[in-house]
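A quick write-up on the structure given underneath.
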Protein chains: 2
Amino acid sequence: MHAAIVGIGHTEYSRDSGRSELKLACEAIGAAMRDAGLRPDEVDGIAKYTMDNNDPVEIARCPGLPRLRFFGGVPYGGGGGPAGTVLLAAMAVTTGQAQAVIAFRAMNERSGRGTPRFGQAWMTDRAEGPFSYLAPYGLFSPAQMVAMAARRHMHLYGTESRHFGEIARICRHHANLNPDAMMHGKPMTLEDHQASRMIADPLRLLDCCLETDGGAAVIVTTPEFARDLCQPPVHIAAAGMGGGAWNNRFMVKDAEAVHNETTVITEHLFQDAGITHDDIDVLFIYDHFTPMVLMALEDFRFCPRGEGKDFIGDGSRFRWPQGHLPMNTSGGNLSEGYMHGMQNIIEAVRQLRGTAPCQVQGAQHAFVSAGNAVPSSAMILRRDG
Amino acid sequence: MHAAIVGIGHTEYSRDSGRSELKLACEAIGAAMRDAGLRPDEVDGIAKYTMDNNDPVEIARCPGLPRLRFFGGVPYGGGGGPAGTVLLAAMAVTTGQAQAVIAFRAMNERSGRGTPRFGQAWMTDRAEGPFSYLAPYGLFSPAQMVAMAARRHMHLYGTESRHFGEIARICRHHANLNPDAMMHGKPMTLEDHQASRMIADPLRLLDCCLETDGGAAVIVTTPEFARDLCQPPVHIAAAGMGGGAWNNRFMVKDAEAVHNETTVITEHLFQDAGITHDDIDVLFIYDHFTPMVLMALEDFRFCPRGEGKDFIGDGSRFRWPQGHLPMNTSGGNLSEGYMHGMQNIIEAVRQLRGTAPCQVQGAQHAFVSAGNAVPSSAMILRRDG
């Protein structure tokens, strides 16, 4: 890829935004354009989560983009979405189809204001396609489906609920250092986690990500065009999408599959970026549910399969500032806000600019993954120098 | 772009397929893979019309693709869809994100079998977003919206219904030479056109495309990988998407706009391909409604704006074999089958391979446009030598 992120923007993250999803998207995009120093006539592409309710033409009309030369979408929500939309944008500018492309996510996911709440349609009475095979067994929600994968991992490898709890605590720790995080000012102990109510055994409330109203956007352009803009470019060193042979869209992850949505990406991502795992300074693992973070660390080969529990340990490895591999440093989906992973990309850019609340000194490479257990995406970002 | 179409496949086109949209998609994709000589493990990407009801994971499972490395979609139906999905596929292989990418469209649009009939949701009681401003005025269907743009063009430039009729006749002429066309064996005179019932004044029945059940697919790879496959590669010389400043999604086309979805593409497409309009040997203009074909010819600068009616004339310019610029040589959306434009891409490939029923001798360059009056796409295809 010959592309860099040059603008980031987001709204506040809340339980009720009080405004439309279109307004949230346009506020975030406007903030990203101002951050980059881009004029409307310089932006000519939009990459969206297919699932996002906003229409590219409506989005383009808000800042007054005079012409669109690229518009595309990536399915599978937080899986294909976050790194996938940035990848689409990068492909568009790398191939010269567009000059500067917006990637965004905006939703009133918590309040349901002006739109069906995310996921309602496919989880209940309107279950169709593959979901029609799950609904009769009571598998309606992502938490219920992930619970089965989590239980299988516990059975195979001895993983325990407390390991999931430590992942939640890592994110909450960082959220408490990030004034913009929804869970800022709300510390969590392992006891809090263990005492939180059961949602879908073994998943407790504090194993599940937030539900959030808000908007988040980044803008991608070429390194050449980036030179004239306001911010130091954050380069897309490598990016990939992945779907495995037995990858299902049910979020019932096959813990034993040799190839899955994550391993397909891992096969080439580090090689494409020309670095190894040891070069990663700050880590963003998509945290929809804590067990999925543990499995992602294994599948992305940060540790061998089955050893996630030991790799997590007491979480100190991942906690800023002492840990060697700080993870989800703004609080993640679990404790900053659930922007379907886009907020993790924004924080990764802040880290590589040197402007994060929990700044990793000298951070040069960030790894950002999207939601696993559905077709997924991931990327490695790099700063100059 | 560094990409070529190496496989084409489609089902029969009918009013009632008798099978699911998933089956139609997989039949077309299977045919395209056999045509190219591609094994499942060699195909690793899927580009879809966002509007298509089929899910990439389900699609991948049918031929047994072991891993997906690219999946994306393009919105706006026949506008962004046909050339846009091929462009996404081309971007993916050009940037090395995937090796061989499927672009497809499958729908039971006519029978509605197993799915809501295309367009029903946004045209009636569920009108939302921009459509909520149109529904109160009785603008529910594309034909109603296009009628307003057609009437405006008639007012401004003296265009008459008979010019629209000649466009319909060009497509019907070619359909009668193509045994696979739905309207094969059904000749049409200008009198037939003028006598056909009014749908939305000035649009008559024979100004409107077919409604069709079927599936159509193409496969895109790099020129290097194409060398080992069965068919001569058809290169994507240039491709583009476009949305104008005042481009609306209402299909109420602003006939006077300086920039619209079509002109945005025209600004760079021929230059990117390194050719001029005179180099085009065979023309595919998206024919959802005949007046839109006339306006597309103007906006793509095959003739000056307002002169479409004279350019169409008695249609002889566009009729195979005598015409110098044969158009929609398999019958188009109007008379072959309405695969949302994908069938025109397949016919363009046949022309450049030299295997079309109405074969243009020595055809080297084909121009293929997608639906205008919504955000659109177009491309120029080229054969070697």
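Order determines the names: the first chain of the structure tokens is A, the second B, and so forth; residues in each chain are numbered 1 upward, and ligands are numbered 1 upward as they are shown.
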
Identify all chain B residues at most 7 Å from chain A by counting only C-alpha atoms; ligands do not count. Present them as a PDB file with all heavy atoms, in the first residue's frame.
```pdb
ATOM      1  N   MET B   1      -4.737   0.431 -13.679  1.00  0.00           N
ATOM      2  CA  MET B   1      -5.087  -0.913 -13.220  1.00  0.00           C
ATOM      3  C   MET B   1      -4.208  -1.950 -13.900  1.00  0.00           C
ATOM      4  O   MET B   1      -3.893  -1.837 -15.076  1.00  0.00           O
ATOM      5  CB  MET B   1      -6.554  -1.206 -13.541  1.00  0.00           C
ATOM      6  CG  MET B   1      -7.530  -0.484 -12.632  1.00  0.00           C
ATOM      7  SD  MET B   1      -7.254  -0.875 -10.901  1.00  0.00           S
ATOM      8  CE  MET B   1      -7.685   0.721 -10.214  1.00  0.00           C
ATOM      9  N   LEU B  65     -14.046 -22.156  -1.749  1.00  0.00           N
ATOM     10  CA  LEU B  65     -12.837 -21.332  -1.689  1.00  0.00           C
ATOM     11  C   LEU B  65     -12.219 -21.510  -0.294  1.00  0.00           C
ATOM     12  O   LEU B  65     -12.875 -21.241   0.699  1.00  0.00           O
ATOM     13  CB  LEU B  65     -13.168 -19.852  -1.931  1.00  0.00           C
ATOM     14  CG  LEU B  65     -14.041 -19.512  -3.155  1.00  0.00           C
ATOM     15  CD1 LEU B  65     -14.151 -17.998  -3.293  1.00  0.00           C
ATOM     16  CD2 LEU B  65     -13.505 -20.140  -4.422  1.00  0.00           C
ATOM     17  N   PRO B  66     -10.971 -21.963  -0.201  1.00  0.00           N
ATOM     18  CA  PRO B  66     -10.428 -22.285   1.121  1.00  0.00           C
ATOM     19  C   PRO B  66     -10.168 -21.050   1.981  1.00  0.00           C
ATOM     20  O   PRO B  66     -10.170 -21.139   3.199  1.00  0.00           O
ATOM     21  CB  PRO B  66      -9.119 -23.012   0.804  1.00  0.00           C
ATOM     22  CG  PRO B  66      -8.753 -22.549  -0.558  1.00  0.00           C
ATOM     23  CD  PRO B  66     -10.030 -22.271  -1.276  1.00  0.00           C
ATOM     24  N   ARG B  67      -9.904 -19.931   1.341  1.00  0.00           N
ATOM     25  CA  ARG B  67      -9.698 -18.714   2.117  1.00  0.00           C
ATOM     26  C   ARG B  67     -10.084 -17.498   1.279  1.00  0.00           C
ATOM     27  O   ARG B  67      -9.864 -17.460   0.073  1.00  0.00           O
ATOM     28  CB  ARG B  67      -8.257 -18.593   2.595  1.00  0.00           C
ATOM     29  CG  ARG B  67      -7.231 -18.394   1.499  1.00  0.00           C
ATOM     30  CD  ARG B  67      -5.835 -18.620   2.008  1.00  0.00           C
ATOM     31  NE  ARG B  67      -5.607 -20.058   2.203  1.00  0.00           N
ATOM     32  CZ  ARG B  67      -4.523 -20.594   2.745  1.00  0.00           C
ATOM     33  NH1 ARG B  67      -3.569 -19.830   3.189  1.00  0.00           N
ATOM     34  NH2 ARG B  67      -4.408 -21.898   2.838  1.00  0.00           N
ATOM     35  N   LEU B  68     -10.645 -16.520   1.968  1.00  0.00           N
ATOM     36  CA  LEU B  68     -10.969 -15.241   1.332  1.00  0.00           C
ATOM     37  C   LEU B  68      -9.949 -14.209   1.798  1.00  0.00           C
ATOM     38  O   LEU B  68      -9.721 -14.052   2.992  1.00  0.00           O
ATOM     39  CB  LEU B  68     -12.361 -14.762   1.761  1.00  0.00           C
ATOM     40  CG  LEU B  68     -13.574 -15.284   1.009  1.00  0.00           C
ATOM     41  CD1 LEU B  68     -14.832 -14.645   1.580  1.00  0.00           C
ATOM     42  CD2 LEU B  68     -13.453 -14.962  -0.480  1.00  0.00           C
ATOM     43  N   ARG B  69      -9.382 -13.498   0.860  1.00  0.00           N
ATOM     44  CA  ARG B  69      -8.460 -12.424   1.230  1.00  0.00           C
ATOM     45  C   ARG B  69      -9.017 -11.057   0.869  1.00  0.00           C
ATOM     46  O   ARG B  69      -8.405 -10.027   1.178  1.00  0.00           O
ATOM     47  CB  ARG B  69      -7.097 -12.640   0.561  1.00  0.00           C
ATOM     48  CG  ARG B  69      -6.355 -13.843   1.161  1.00  0.00           C
ATOM     49  CD  ARG B  69      -4.946 -13.921   0.643  1.00  0.00           C
ATOM     50  NE  ARG B  69      -4.251 -12.651   0.812  1.00  0.00           N
ATOM     51  CZ  ARG B  69      -3.050 -12.372   0.326  1.00  0.00           C
ATOM     52  NH1 ARG B  69      -2.399 -13.297  -0.347  1.00  0.00           N
ATOM     53  NH2 ARG B  69      -2.494 -11.197   0.505  1.00  0.00           N
ATOM     54  N   PHE B  70     -10.136 -11.037   0.159  1.00  0.00           N
ATOM     55  CA  PHE B  70     -10.780  -9.757  -0.139  1.00  0.00           C
ATOM     56  C   PHE B  70     -12.278  -9.947  -0.243  1.00  0.00           C
ATOM     57  O   PHE B  70     -12.749 -10.898  -0.873  1.00  0.00           O
ATOM     58  CB  PHE B  70     -10.250  -9.151  -1.448  1.00  0.00           C
ATOM     59  CG  PHE B  70     -10.931  -7.859  -1.798  1.00  0.00           C
ATOM     60  CD1 PHE B  70     -10.584  -6.688  -1.146  1.00  0.00           C
ATOM     61  CD2 PHE B  70     -11.965  -7.814  -2.718  1.00  0.00           C
ATOM     62  CE1 PHE B  70     -11.238  -5.498  -1.417  1.00  0.00           C
ATOM     63  CE2 PHE B  70     -12.626  -6.627  -3.006  1.00  0.00           C
ATOM     64  CZ  PHE B  70     -12.259  -5.463  -2.355  1.00  0.00           C
ATOM     65  N   PHE B  71     -13.023  -9.048   0.378  1.00  0.00           N
ATOM     66  CA  PHE B  71     -14.467  -8.995   0.196  1.00  0.00           C
ATOM     67  C   PHE B  71     -14.898  -7.550   0.349  1.00  0.00           C
ATOM     68  O   PHE B  71     -14.499  -6.862   1.275  1.00  0.00           O
ATOM     69  CB  PHE B  71     -15.202  -9.898   1.194  1.00  0.00           C
ATOM     70  CG  PHE B  71     -14.667  -9.840   2.603  1.00  0.00           C
ATOM     71  CD1 PHE B  71     -15.143  -8.908   3.506  1.00  0.00           C
ATOM     72  CD2 PHE B  71     -13.653 -10.692   3.013  1.00  0.00           C
ATOM     73  CE1 PHE B  71     -14.641  -8.836   4.810  1.00  0.00           C
ATOM     74  CE2 PHE B  71     -13.143 -10.633   4.301  1.00  0.00           C
ATOM     75  CZ  PHE B  71     -13.636  -9.698   5.199  1.00  0.00           C
ATOM     76  N   GLY B  72     -15.666  -7.075  -0.613  1.00  0.00           N
ATOM     77  CA  GLY B  72     -16.122  -5.685  -0.559  1.00  0.00           C
ATOM     78  C   GLY B  72     -17.351  -5.532  -1.411  1.00  0.00           C
ATOM     79  O   GLY B  72     -17.731  -6.447  -2.164  1.00  0.00           O
ATOM     80  N   GLY B  73     -17.991  -4.378  -1.299  1.00  0.00           N
ATOM     81  CA  GLY B  73     -19.213  -4.155  -2.042  1.00  0.00           C
ATOM     82  C   GLY B  73     -19.300  -2.732  -2.553  1.00  0.00           C
ATOM     83  O   GLY B  73     -18.605  -1.843  -2.078  1.00  0.00           O
ATOM     84  N   VAL B  74     -20.148  -2.556  -3.549  1.00  0.00           N
ATOM     85  CA  VAL B  74     -20.370  -1.233  -4.111  1.00  0.00           C
ATOM     86  C   VAL B  74     -21.864  -0.944  -4.103  1.00  0.00           C
ATOM     87  O   VAL B  74     -22.656  -1.771  -4.566  1.00  0.00           O
ATOM     88  CB  VAL B  74     -19.824  -1.122  -5.555  1.00  0.00           C
ATOM     89  CG1 VAL B  74     -19.908   0.316  -6.031  1.00  0.00           C
ATOM     90  CG2 VAL B  74     -18.390  -1.606  -5.611  1.00  0.00           C
ATOM     91  N   PRO B  75     -22.247   0.222  -3.578  1.00  0.00           N
ATOM     92  CA  PRO B  75     -23.670   0.546  -3.494  1.00  0.00           C
ATOM     93  C   PRO B  75     -24.224   1.109  -4.804  1.00  0.00           C
ATOM     94  O   PRO B  75     -23.514   1.217  -5.797  1.00  0.00           O
ATOM     95  CB  PRO B  75     -23.717   1.606  -2.395  1.00  0.00           C
ATOM     96  CG  PRO B  75     -22.394   2.288  -2.462  1.00  0.00           C
ATOM     97  CD  PRO B  75     -21.406   1.248  -2.945  1.00  0.00           C
ATOM     98  N   MET B  91      -8.733  -3.373  -8.250  1.00  0.00           N
ATOM     99  CA  MET B  91      -7.917  -2.739  -7.219  1.00  0.00           C
ATOM    100  C   MET B  91      -7.294  -3.791  -6.307  1.00  0.00           C
ATOM    101  O   MET B  91      -6.131  -3.673  -5.911  1.00  0.00           O
ATOM    102  CB  MET B  91      -8.791  -1.775  -6.393  1.00  0.00           C
ATOM    103  CG  MET B  91      -9.158  -0.503  -7.127  1.00  0.00           C
ATOM    104  SD  MET B  91     -10.532   0.437  -6.335  1.00  0.00           S
ATOM    105  CE  MET B  91      -9.991   0.532  -4.644  1.00  0.00           C
ATOM    106  N   THR B  95      -3.193  -4.261  -6.239  1.00  0.00           N
ATOM    107  CA  THR B  95      -2.430  -3.976  -5.024  1.00  0.00           C
ATOM    108  C   THR B  95      -1.945  -5.246  -4.339  1.00  0.00           C
ATOM    109  O   THR B  95      -1.349  -5.170  -3.253  1.00  0.00           O
ATOM    110  CB  THR B  95      -3.278  -3.162  -4.023  1.00  0.00           C
ATOM    111  OG1 THR B  95      -4.476  -3.895  -3.723  1.00  0.00           O
ATOM    112  CG2 THR B  95      -3.655  -1.807  -4.599  1.00  0.00           C
ATOM    113  N   GLN B  97      -3.632  -7.596  -2.916  1.00  0.00           N
ATOM    114  CA  GLN B  97      -4.421  -8.055  -1.768  1.00  0.00           C
ATOM    115  C   GLN B  97      -5.085  -9.399  -2.056  1.00  0.00           C
ATOM    116  O   GLN B  97      -5.443 -10.119  -1.128  1.00  0.00           O
ATOM    117  CB  GLN B  97      -5.486  -7.014  -1.400  1.00  0.00           C
ATOM    118  CG  GLN B  97      -4.916  -5.729  -0.827  1.00  0.00           C
ATOM    119  CD  GLN B  97      -4.286  -5.917   0.557  1.00  0.00           C
ATOM    120  OE1 GLN B  97      -4.776  -6.664   1.359  1.00  0.00           O
ATOM    121  NE2 GLN B  97      -3.175  -5.235   0.798  1.00  0.00           N
ATOM    122  N   GLY B 240     -13.681   3.662 -13.522  1.00  0.00           N
ATOM    123  CA  GLY B 240     -13.922   4.766 -12.580  1.00  0.00           C
ATOM    124  C   GLY B 240     -15.308   4.705 -11.987  1.00  0.00           C
ATOM    125  O   GLY B 240     -16.226   4.096 -12.544  1.00  0.00           O
ATOM    126  N   MET B 241     -15.419   5.341 -10.819  1.00  0.00           N
ATOM    127  CA  MET B 241     -16.723   5.572 -10.202  1.00  0.00           C
ATOM    128  C   MET B 241     -16.951   7.072 -10.188  1.00  0.00           C
ATOM    129  O   MET B 241     -16.001   7.856 -10.230  1.00  0.00           O
ATOM    130  CB  MET B 241     -16.744   5.082  -8.752  1.00  0.00           C
ATOM    131  CG  MET B 241     -16.454   3.610  -8.564  1.00  0.00           C
ATOM    132  SD  MET B 241     -16.559   3.190  -6.798  1.00  0.00           S
ATOM    133  CE  MET B 241     -15.944   1.506  -6.835  1.00  0.00           C
ATOM    134  N   GLY B 242     -18.207   7.485 -10.098  1.00  0.00           N
ATOM    135  CA  GLY B 242     -18.476   8.919 -10.054  1.00  0.00           C
ATOM    136  C   GLY B 242     -19.765   9.267  -9.342  1.00  0.00           C
ATOM    137  O   GLY B 242     -20.776   8.576  -9.469  1.00  0.00           O
ATOM    138  N   GLY B 243     -19.678  10.325  -8.575  1.00  0.00           N
ATOM    139  CA  GLY B 243     -20.862  10.926  -7.965  1.00  0.00           C
ATOM    140  C   GLY B 243     -20.690  12.425  -8.022  1.00  0.00           C
ATOM    141  O   GLY B 243     -19.617  12.941  -7.683  1.00  0.00           O
ATOM    142  N   GLY B 244     -21.697  13.143  -8.500  1.00  0.00           N
ATOM    143  CA  GLY B 244     -21.552  14.580  -8.685  1.00  0.00           C
ATOM    144  C   GLY B 244     -22.003  15.382  -7.484  1.00  0.00           C
ATOM    145  O   GLY B 244     -22.606  14.855  -6.553  1.00  0.00           O
ATOM    146  N   ALA B 245     -21.688  16.680  -7.530  1.00  0.00           N
ATOM    147  CA  ALA B 245     -22.003  17.566  -6.417  1.00  0.00           C
ATOM    148  C   ALA B 245     -23.495  17.541  -6.109  1.00  0.00           C
ATOM    149  O   ALA B 245     -23.915  17.524  -4.960  1.00  0.00           O
ATOM    150  CB  ALA B 245     -21.570  18.981  -6.741  1.00  0.00           C
ATOM    151  N   VAL B 264     -18.061  13.168 -14.047  1.00  0.00           N
ATOM    152  CA  VAL B 264     -16.933  12.966 -13.129  1.00  0.00           C
ATOM    153  C   VAL B 264     -16.063  11.800 -13.612  1.00  0.00           C
ATOM    154  O   VAL B 264     -14.832  11.856 -13.544  1.00  0.00           O
ATOM    155  CB  VAL B 264     -17.445  12.711 -11.688  1.00  0.00           C
ATOM    156  CG1 VAL B 264     -16.347  12.142 -10.802  1.00  0.00           C
ATOM    157  CG2 VAL B 264     -18.007  13.997 -11.087  1.00  0.00           C
TER     158      VAL B 264
END
```

task: Skip Tyr157 in chain B itself and residues of its chain fewer than 3 positions away, then list as a PyMOL selection string all residues within 7 Å of it, counting only C-alpha atoms.
output: chain B and resi 153-154+306

- prompt: What is the distance, in Å and to one decimal place, between CA of Gly79 in chain A and CA of Ala4 in chain A?
  reply: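 CA of Gly79 in chain A sits 21.1 Å away from CA of Ala4 in chain A.
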
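You will find CA of His163 in chain B at 17.7 Å from CA of Phe284 in chain B.
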
- prompt: Counting only C-alpha atoms, what is within 7 Å of range 212-217 of chain B, bar same-chain residues fewer than 2 positions away, as number ranges by chain?
  reply: B: 8-17, 24-25, 28-29, 32, 102-111, 210, 219, 337-339, 342-343

Using N, CA, C and O atoms, can you write the selected residues to a file as a compact mmCIF listing (two decimals), in the first residue's frame?
```txt
# COMPACT_ATOMS: atom_id res chain seq x y z
N ILE B 8 -15.96 -15.64 -17.49
CA ILE B 8 -17.32 -15.12 -17.52
C ILE B 8 -18.29 -16.29 -17.39
O ILE B 8 -18.01 -17.40 -17.86
N GLY B 9 -19.43 -16.02 -16.76
CA GLY B 9 -20.43 -17.08 -16.63
C GLY B 9 -21.78 -16.50 -16.28
O GLY B 9 -21.87 -15.46 -15.62
N HIS B 10 -22.82 -17.14 -16.76
CA HIS B 10 -24.16 -16.69 -16.39
C HIS B 10 -25.14 -17.84 -16.49
O HIS B 10 -24.89 -18.84 -17.18
N THR B 11 -26.25 -17.70 -15.78
CA THR B 11 -27.36 -18.65 -15.90
C THR B 11 -28.22 -18.24 -17.09
O THR B 11 -27.94 -17.25 -17.76
N GLU B 12 -29.28 -18.99 -17.30
CA GLU B 12 -30.30 -18.52 -18.23
C GLU B 12 -30.98 -17.30 -17.60
O GLU B 12 -30.96 -17.14 -16.38
N TYR B 13 -31.54 -16.44 -18.43
CA TYR B 13 -32.30 -15.29 -17.94
C TYR B 13 -33.78 -15.58 -18.13
O TYR B 13 -34.21 -15.95 -19.23
N SER B 14 -34.55 -15.42 -17.07
CA SER B 14 -35.95 -15.84 -17.14
C SER B 14 -36.85 -14.97 -16.26
O SER B 14 -36.35 -14.09 -15.54
N ARG B 15 -38.12 -15.26 -16.32
CA ARG B 15 -39.09 -14.57 -15.46
C ARG B 15 -39.30 -15.31 -14.15
O ARG B 15 -39.88 -14.75 -13.22
N ASP B 16 -38.86 -16.54 -14.08
CA ASP B 16 -38.96 -17.31 -12.84
C ASP B 16 -37.92 -18.41 -12.86
O ASP B 16 -38.07 -19.42 -13.55
N SER B 17 -36.87 -18.21 -12.10
CA SER B 17 -35.73 -19.14 -12.14
C SER B 17 -36.07 -20.49 -11.53
O SER B 17 -35.43 -21.50 -11.84
N LEU B 24 -28.38 -19.34 -7.97
CA LEU B 24 -28.10 -18.60 -9.21
C LEU B 24 -26.68 -18.03 -9.19
O LEU B 24 -25.93 -18.13 -10.18
N ALA B 25 -26.31 -17.44 -8.06
CA ALA B 25 -24.97 -16.85 -7.95
C ALA B 25 -23.91 -17.92 -8.13
O ALA B 25 -22.93 -17.74 -8.87
N ALA B 28 -23.52 -19.19 -11.73
CA ALA B 28 -22.82 -18.23 -12.59
C ALA B 28 -21.33 -18.19 -12.26
O ALA B 28 -20.48 -18.18 -13.16
N ILE B 29 -21.03 -18.21 -10.96
CA ILE B 29 -19.62 -18.17 -10.54
C ILE B 29 -18.91 -19.46 -10.94
O ILE B 29 -17.77 -19.42 -11.43
N ALA B 32 -18.09 -19.26 -14.53
CA ALA B 32 -16.98 -18.34 -14.78
C ALA B 32 -15.64 -18.97 -14.40
O ALA B 32 -14.63 -18.78 -15.08
N ILE B 102 -13.87 -12.62 -7.71
CA ILE B 102 -15.17 -12.77 -8.37
C ILE B 102 -15.96 -11.47 -8.24
O ILE B 102 -16.01 -10.88 -7.16
N ALA B 103 -16.57 -11.01 -9.33
CA ALA B 103 -17.59 -9.95 -9.26
C ALA B 103 -18.87 -10.55 -9.83
O ALA B 103 -18.83 -11.18 -10.89
N PHE B 104 -19.96 -10.40 -9.11
CA PHE B 104 -21.18 -11.10 -9.54
C PHE B 104 -22.44 -10.31 -9.20
O PHE B 104 -22.43 -9.39 -8.39
N ARG B 105 -23.53 -10.72 -9.85
CA ARG B 105 -24.86 -10.25 -9.49
C ARG B 105 -25.84 -11.38 -9.73
O ARG B 105 -25.80 -12.02 -10.79
N ALA B 106 -26.66 -11.65 -8.73
CA ALA B 106 -27.68 -12.70 -8.87
C ALA B 106 -28.94 -12.24 -8.19
O ALA B 106 -28.89 -11.70 -7.08
N MET B 107 -30.05 -12.42 -8.85
CA MET B 107 -31.30 -12.00 -8.21
C MET B 107 -32.50 -12.66 -8.87
O MET B 107 -32.51 -12.95 -10.07
N ASN B 108 -33.49 -12.89 -8.03
CA ASN B 108 -34.80 -13.27 -8.54
C ASN B 108 -35.65 -12.01 -8.59
O ASN B 108 -36.64 -11.87 -7.88
N GLU B 109 -35.24 -11.10 -9.45
CA GLU B 109 -35.87 -9.79 -9.45
C GLU B 109 -37.29 -9.84 -9.96
O GLU B 109 -38.15 -9.10 -9.49
N ARG B 110 -37.52 -10.73 -10.91
CA ARG B 110 -38.86 -10.81 -11.49
C ARG B 110 -39.82 -11.63 -10.62
O ARG B 110 -40.91 -11.18 -10.30
N SER B 111 -39.38 -12.82 -10.23
CA SER B 111 -40.29 -13.70 -9.49
C SER B 111 -40.38 -13.31 -8.02
O SER B 111 -41.36 -13.60 -7.36
N LEU B 210 -36.08 -4.85 -18.73
CA LEU B 210 -36.76 -6.06 -18.27
C LEU B 210 -36.64 -6.21 -16.76
O LEU B 210 -35.85 -5.53 -16.12
N ILE B 219 -14.61 -12.98 -13.46
CA ILE B 219 -13.47 -13.15 -12.56
C ILE B 219 -12.29 -12.33 -13.07
O ILE B 219 -11.98 -12.34 -14.26
N GLY B 337 -31.61 -9.27 -20.82
CA GLY B 337 -32.00 -9.66 -19.46
C GLY B 337 -31.43 -8.61 -18.53
O GLY B 337 -30.37 -8.03 -18.80
N TYR B 338 -32.16 -8.36 -17.45
CA TYR B 338 -31.73 -7.28 -16.54
C TYR B 338 -30.92 -7.88 -15.41
O TYR B 338 -31.44 -8.19 -14.35
N MET B 339 -29.62 -8.05 -15.67
CA MET B 339 -28.72 -8.51 -14.61
C MET B 339 -28.00 -7.30 -14.03
O MET B 339 -26.84 -7.37 -13.67
N MET B 342 -24.48 -6.42 -15.34
CA MET B 342 -23.38 -7.39 -15.38
C MET B 342 -23.36 -8.16 -16.69
O MET B 342 -22.30 -8.57 -17.18
N GLN B 343 -24.54 -8.35 -17.28
CA GLN B 343 -24.59 -9.10 -18.54
C GLN B 343 -23.96 -8.29 -19.68
O GLN B 343 -23.45 -8.87 -20.64
```

task: To one decimal in Å, tell me the separation between CA of Val368 in chain B and CA of Pro321 in chain B.
output: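 Between CA of Val368 in chain B and CA of Pro321 in chain B the gap works out to 19.0 Å.
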
message: So that I can see what lies close to Pro326 in chain A, please list as a list in words the residues with an atom at most 9 Å from it, counting only C-alpha atoms and leaving out residues fewer than 6 positions away in the same chain.
response: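 Near neighbours after the sequence-gap exclusion: Ile170, Asp281, Val282, Leu283, Phe284, Ser316, Arg317, Phe318, Arg319, Trp320 and Val360 of chain A.
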
- request: Return the single residue from B:Ala83, B:Met188, B:Ala135, B:Met292 that is closest to Arg151 in chain B, with distances computed using only C-alpha atoms.
  value: B:Met292

message: Among range 262-301 of chain B, which residues does DSSP mark as helix (DSSP H, G or I) when it is run on the backbone? Keep the chain and numbering as in the structure and answer as a list in words.
response: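 In range 262-301 of chain B, DSSP puts these residues in helix (DSSP H, G or I): Thr262, Thr263, Val264, Ile265, Thr266, Glu267, His268, Leu269, Phe270, Gln271, Asp272, Ala273, His277, Asp278, Asp279, Thr290, Pro291, Met292, Val293, Leu294, Met295, Ala296, Leu297, Glu298 and Asp299 of chain B.
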
- request: Can you list, as a ChimeraX atom specification, all residues belonging to range 70-270 of chain B that DSSP tags as strand (DSSP E)?
  value: /B:70-74,100-108,198-200,203-204,213-221,234-244

query: Contacts of Tyr286 in chain A at 9 Å or less, counting only C-alpha atoms, minus same-chain residues fewer than 2 places along, as a VMD selection string?
result: chain A and resid 78 to 79 284 288 to 289 292 to 293 296 328 332 to 333 340 to 341 344 368 to 372
